[in-house]
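Printed here is protein-v1.txt (compact mmCIF, C-alpha atoms):
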```
# COMPACT_ATOMS: atom_id res chain seq x y z
CA MET A 1 -11.38 -5.70 59.78
CA ASP A 2 -13.47 -8.78 60.57
CA LYS A 3 -11.24 -11.30 62.38
CA ILE A 4 -12.52 -14.26 60.37
CA ASN A 5 -12.56 -12.57 56.99
CA SER A 6 -8.96 -11.48 57.47
CA TRP A 7 -8.06 -15.21 57.14
CA SER A 8 -10.63 -16.20 54.50
CA THR A 9 -8.06 -17.37 51.92
CA GLU A 10 -6.12 -19.37 54.50
CA LEU A 11 -9.27 -20.93 55.99
CA GLU A 12 -10.44 -21.93 52.53
CA GLN A 13 -7.07 -23.59 51.94
CA LEU A 14 -7.43 -25.54 55.23
CA ARG A 15 -11.00 -26.45 54.30
CA SER A 16 -9.97 -27.90 50.93
CA ILE A 17 -7.21 -29.97 52.59
CA ILE A 18 -9.63 -31.28 55.23
CA LEU A 19 -12.22 -32.21 52.59
CA GLU A 20 -9.53 -34.29 50.82
CA SER A 21 -9.44 -36.47 53.94
CA GLY A 22 -13.01 -37.63 53.34
CA LEU A 23 -14.54 -35.86 56.33
CA THR A 24 -18.05 -34.41 56.10
CA GLU A 25 -18.46 -30.66 56.54
CA THR A 26 -21.15 -29.26 58.80
CA THR A 27 -21.67 -26.09 60.83
CA LYS A 28 -21.63 -26.16 64.62
CA TRP A 29 -21.22 -23.30 67.08
CA GLY A 30 -21.27 -20.89 64.13
CA GLY A 31 -18.25 -22.35 62.34
CA PRO A 32 -17.19 -25.20 60.09
CA VAL A 33 -16.76 -28.58 61.78
CA PHE A 34 -15.73 -31.74 59.96
CA THR A 35 -17.09 -35.10 61.05
CA PHE A 36 -16.59 -38.81 60.49
CA ASN A 37 -19.61 -41.05 61.14
CA ASP A 38 -21.30 -38.04 62.81
CA LYS A 39 -18.43 -37.64 65.28
CA ASN A 40 -16.58 -34.31 65.48
CA ILE A 41 -12.99 -34.70 64.24
CA VAL A 42 -11.72 -31.18 63.41
CA GLY A 43 -12.93 -27.62 63.09
CA ILE A 44 -11.36 -24.47 61.68
CA ALA A 45 -11.57 -20.88 62.84
CA GLY A 46 -10.00 -17.48 62.35
CA PHE A 47 -9.00 -15.22 65.22
CA LYS A 48 -7.42 -11.79 65.41
CA ASN A 49 -3.77 -12.94 65.30
CA PHE A 50 -3.99 -16.49 63.93
CA PHE A 51 -6.15 -19.12 62.29
CA THR A 52 -6.45 -22.66 63.55
CA ILE A 53 -7.48 -26.27 63.14
CA TRP A 54 -9.17 -27.73 66.22
CA PHE A 55 -8.75 -31.44 66.93
CA PHE A 56 -11.62 -32.51 69.15
CA LYS A 57 -9.65 -35.41 70.68
CA GLY A 58 -6.25 -33.81 70.24
CA VAL A 59 -5.12 -34.75 73.74
CA GLN A 60 -5.03 -38.40 72.54
CA MET A 61 -2.88 -37.64 69.50
CA LYS A 62 0.86 -38.39 69.37
CA ASP A 63 1.65 -34.86 68.10
CA ALA A 64 5.09 -35.87 66.81
CA GLN A 65 5.71 -32.34 65.48
CA LYS A 66 4.63 -30.68 68.75
CA VAL A 67 2.20 -28.32 67.03
CA LEU A 68 -0.90 -28.87 69.19
CA ILE A 69 -1.73 -26.67 72.16
CA ASN A 70 -4.52 -26.44 74.70
CA ALA A 71 -6.12 -23.13 73.84
CA GLN A 72 -8.16 -22.88 77.04
CA GLU A 73 -6.12 -24.33 79.87
CA GLY A 74 -8.41 -25.44 82.67
CA THR A 75 -11.49 -25.36 80.43
CA THR A 76 -10.76 -27.67 77.51
CA LYS A 77 -9.84 -31.20 78.48
CA SER A 78 -9.38 -33.06 75.19
CA MET A 79 -9.53 -30.45 72.41
CA ARG A 80 -6.25 -29.16 71.01
CA GLN A 81 -5.53 -26.60 68.32
CA TRP A 82 -2.84 -26.08 65.72
CA ARG A 83 -2.28 -22.36 65.17
CA PHE A 84 -1.04 -20.71 62.00
CA THR A 85 -0.10 -17.09 61.35
CA SER A 86 0.52 -17.33 57.59
CA LYS A 87 -0.50 -19.53 54.67
CA GLU A 88 3.17 -20.48 54.24
CA GLN A 89 2.87 -22.48 57.47
CA ILE A 90 0.20 -24.75 55.98
CA ASP A 91 1.80 -28.14 55.33
CA LYS A 92 -0.81 -30.17 53.46
CA ASP A 93 0.85 -33.56 53.94
CA LEU A 94 1.39 -33.03 57.66
CA ILE A 95 -2.16 -31.76 58.17
CA LEU A 96 -3.56 -34.81 56.37
CA LYS A 97 -1.37 -37.07 58.52
CA TYR A 98 -2.75 -35.46 61.70
CA ILE A 99 -6.33 -35.73 60.42
CA LYS A 100 -5.79 -39.40 59.57
CA GLU A 101 -4.59 -40.02 63.12
CA ALA A 102 -7.61 -38.14 64.54
CA ILE A 103 -9.96 -40.31 62.45
CA GLU A 104 -8.14 -43.46 63.62
CA ILE A 105 -8.59 -42.40 67.27
CA GLU A 106 -12.32 -41.92 66.67
CA THR A 107 -12.77 -45.25 64.86
CA SER A 108 -10.76 -47.21 67.43
CA GLU A 109 -12.94 -45.77 70.22
CA ALA A 110 -16.09 -46.71 68.29
CA LYS A 111 -14.96 -50.34 68.25
CA LYS A 112 -14.59 -50.48 72.04
```

Can you present the structure in this file as structure tokens?
Amino acid sequence: MDKINSWSTELEQLRSIILESGLTETTKWGGPVFTFNDKNIVGIAGFKNFFTIWFFKGVQMKDAQKVLINAQEGTTKSMRQWRFTSKEQIDKDLILKYIKEAIEIETSEAKK
């Protein structure tokens, strides 16, 4: 089974939540990436055992729920991902809260 297609329903659910946040969808590195003012905010992907939301500046986020991890220790400096293994784990309100924070980080940096 194709690793991405095995999560197609779940990825579509994440995509619809992300689009509610007002981000713009584009394709980069062969997958969906969502931007704000042409800056990468989040991406989504499916893997063999999980599906994920990537936060490009996740290292700067508060992560009050402790859901973000560094997927490539030693390689990725600021990107963090939130992994899911079932659609029941998708918490729309919490995801939107994290996306809002990620947008705020990007816009506060743009003002500097």

With only C-alpha atoms as the basis for distance, which of A:Asp93, A:Glu10, A:Glu101, A:Glu109 is at the shortest distance from Phe50 of chain A?
->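 Between A:Asp93, A:Glu10, A:Glu101, A:Glu109, the residue approaching Phe50 of chain A most closely is A:Glu10.
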
Atomic separation - atom CA of Phe56 of chain A relative to atom CA of Ser78 of chain A, Å |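 If I compute the distance from atom CA of Ser78 of chain A to atom CA of Phe56 of chain A, I get 6.5 Å.
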
Excluding Leu19 of chain A and any residue of its chain fewer than 5 positions from it, enumerate the residues within 12 Å of it, using all atoms listed in the file, and give them as a ChimeraX atom specification.
-> /A:12-14,24-26,32-36,41-44,92,95-96,99-100

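Using all atoms listed in the file, the nearest neighbour of Ala64 of chain A within the list A:Lys48, A:Leu11, A:Ser6, A:Leu94 is A:Leu94.
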
Residue nearest Arg83 of chain A - candidates A:Ser108, A:Met61, A:Asn49, A:Thr27, atoms counted: all atoms listed in the file = A:Asn49

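Going from atom CA of Gly58 of chain A over to atom CA of Ala102 of chain A, you cover 7.3 Å.
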
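If you look at atom CA of Thr76 of chain A and atom CA of Lys57 of chain A, they are 10.4 Å away from each other.
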
Using all atoms listed in the file, the residue out of A:Val67, A:Ile53, A:Gly46, A:Gly74 with shortest distance to Ile18 of chain A is A:Ile53

Size and centre in Å, one decimal, axis-aligned box, all listed segment 19-22 of chain A atoms plus 8 Å per side, as lines of an AutoDock Vina configuration file:
```
center_x = -11.2
center_y = -34.9
center_z = 52.4
size_x = 19.6
size_y = 21.4
size_z = 19.1
```

Give the answer as one residue: which of A:Glu104, A:Ser86, A:Ile69, A:Asp91 has the shortest atom-to-atom distance to Ile17 of chain A, using only C-alpha atoms?
->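 Going through A:Glu104, A:Ser86, A:Ile69, A:Asp91 one by one, the smallest distance to Ile17 of chain A is for A:Asp91.
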
Output file: segment 10-44 of chain A, N, CA, C and O atoms, as a compact mmCIF listing (two decimals), in the first residue's frame:
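Generated file (decode_24.txt):
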```
# COMPACT_ATOMS: atom_id res chain seq x y z
N GLU A 10 -7.25 11.11 6.35
CA GLU A 10 -6.74 11.88 7.47
C GLU A 10 -6.01 13.15 6.99
O GLU A 10 -6.19 14.24 7.57
N LEU A 11 -5.23 13.03 5.92
CA LEU A 11 -4.53 14.19 5.38
C LEU A 11 -5.51 15.21 4.82
O LEU A 11 -5.31 16.42 4.96
N GLU A 12 -6.58 14.74 4.22
CA GLU A 12 -7.60 15.66 3.72
C GLU A 12 -8.28 16.39 4.88
O GLU A 12 -8.59 17.58 4.79
N GLN A 13 -8.49 15.69 5.98
CA GLN A 13 -9.07 16.32 7.16
C GLN A 13 -8.12 17.41 7.69
O GLN A 13 -8.55 18.52 8.01
N LEU A 14 -6.82 17.11 7.79
CA LEU A 14 -5.84 18.13 8.21
C LEU A 14 -5.83 19.30 7.25
O LEU A 14 -5.80 20.46 7.67
N ARG A 15 -5.85 19.00 5.95
CA ARG A 15 -5.84 20.05 4.94
C ARG A 15 -7.01 21.00 5.11
O ARG A 15 -6.84 22.23 5.07
N SER A 16 -8.21 20.47 5.32
CA SER A 16 -9.39 21.33 5.46
C SER A 16 -9.29 22.20 6.71
O SER A 16 -9.70 23.36 6.70
N ILE A 17 -8.73 21.66 7.80
CA ILE A 17 -8.53 22.44 9.02
C ILE A 17 -7.54 23.58 8.75
O ILE A 17 -7.77 24.73 9.11
N ILE A 18 -6.43 23.24 8.11
CA ILE A 18 -5.39 24.24 7.82
C ILE A 18 -5.95 25.35 6.94
O ILE A 18 -5.70 26.53 7.18
N LEU A 19 -6.74 24.99 5.94
CA LEU A 19 -7.31 26.01 5.04
C LEU A 19 -8.26 26.95 5.78
O LEU A 19 -8.39 28.11 5.42
N GLU A 20 -8.90 26.47 6.85
CA GLU A 20 -9.75 27.33 7.67
C GLU A 20 -8.95 28.45 8.33
O GLU A 20 -9.50 29.48 8.71
N SER A 21 -7.66 28.24 8.50
CA SER A 21 -6.81 29.23 9.17
C SER A 21 -6.46 30.40 8.26
O SER A 21 -5.86 31.37 8.71
N GLY A 22 -6.79 30.29 6.97
CA GLY A 22 -6.50 31.38 6.05
C GLY A 22 -5.16 31.25 5.33
O GLY A 22 -4.78 32.13 4.56
N LEU A 23 -4.45 30.16 5.56
CA LEU A 23 -3.18 29.95 4.87
C LEU A 23 -3.43 29.61 3.41
O LEU A 23 -4.49 29.13 3.05
N THR A 24 -2.41 29.86 2.58
CA THR A 24 -2.47 29.57 1.15
C THR A 24 -1.77 28.25 0.87
O THR A 24 -0.65 28.03 1.32
N GLU A 25 -2.44 27.39 0.12
CA GLU A 25 -1.86 26.07 -0.18
C GLU A 25 -1.01 26.14 -1.44
O GLU A 25 -1.38 26.75 -2.44
N THR A 26 0.15 25.51 -1.37
CA THR A 26 1.04 25.38 -2.51
C THR A 26 1.68 24.00 -2.44
O THR A 26 1.40 23.24 -1.51
N THR A 27 2.49 23.66 -3.42
CA THR A 27 3.20 22.38 -3.40
C THR A 27 4.69 22.66 -3.42
O THR A 27 5.17 23.38 -4.29
N LYS A 28 5.40 22.11 -2.45
CA LYS A 28 6.85 22.23 -2.39
C LYS A 28 7.40 20.88 -1.97
O LYS A 28 6.81 20.20 -1.13
N TRP A 29 8.54 20.52 -2.54
CA TRP A 29 9.19 19.25 -2.21
C TRP A 29 8.23 18.07 -2.39
O TRP A 29 8.27 17.09 -1.65
N GLY A 30 7.31 18.19 -3.36
CA GLY A 30 6.40 17.11 -3.69
C GLY A 30 5.22 16.93 -2.75
O GLY A 30 4.52 15.93 -2.83
N GLY A 31 4.99 17.88 -1.86
CA GLY A 31 3.87 17.75 -0.93
C GLY A 31 3.22 19.08 -0.64
O GLY A 31 3.75 20.14 -1.00
N PRO A 32 2.06 19.06 0.00
CA PRO A 32 1.36 20.30 0.31
C PRO A 32 2.06 21.09 1.42
O PRO A 32 2.42 20.54 2.45
N VAL A 33 2.26 22.38 1.14
CA VAL A 33 2.82 23.32 2.10
C VAL A 33 1.87 24.51 2.14
O VAL A 33 1.32 24.91 1.11
N PHE A 34 1.67 25.06 3.32
CA PHE A 34 0.73 26.16 3.50
C PHE A 34 1.50 27.39 3.96
O PHE A 34 2.30 27.31 4.90
N THR A 35 1.26 28.50 3.27
CA THR A 35 2.05 29.70 3.49
C THR A 35 1.21 30.88 3.94
O THR A 35 -0.01 30.90 3.77
N PHE A 36 1.89 31.87 4.50
CA PHE A 36 1.30 33.14 4.87
C PHE A 36 2.27 34.21 4.38
O PHE A 36 3.45 34.19 4.73
N ASN A 37 1.79 35.09 3.51
CA ASN A 37 2.65 36.11 2.89
C ASN A 37 3.90 35.47 2.26
O ASN A 37 5.02 35.95 2.41
N ASP A 38 3.70 34.37 1.56
CA ASP A 38 4.76 33.62 0.88
C ASP A 38 5.81 33.01 1.81
O ASP A 38 6.87 32.60 1.36
N LYS A 39 5.52 32.92 3.08
CA LYS A 39 6.43 32.28 4.04
C LYS A 39 5.84 30.94 4.45
O LYS A 39 4.66 30.85 4.77
N ASN A 40 6.67 29.90 4.45
CA ASN A 40 6.22 28.56 4.84
C ASN A 40 5.81 28.56 6.31
O ASN A 40 6.58 28.96 7.18
N ILE A 41 4.59 28.08 6.58
CA ILE A 41 4.10 27.98 7.96
C ILE A 41 3.99 26.52 8.36
O ILE A 41 4.59 26.10 9.34
N VAL A 42 3.22 25.73 7.61
CA VAL A 42 3.05 24.30 7.91
C VAL A 42 3.01 23.49 6.63
O VAL A 42 2.73 24.01 5.55
N GLY A 43 3.28 22.21 6.78
CA GLY A 43 3.13 21.25 5.70
C GLY A 43 2.51 19.99 6.28
O GLY A 43 2.49 19.81 7.50
N ILE A 44 1.98 19.14 5.42
CA ILE A 44 1.43 17.87 5.88
C ILE A 44 2.02 16.74 5.05
O ILE A 44 2.40 16.94 3.89
```
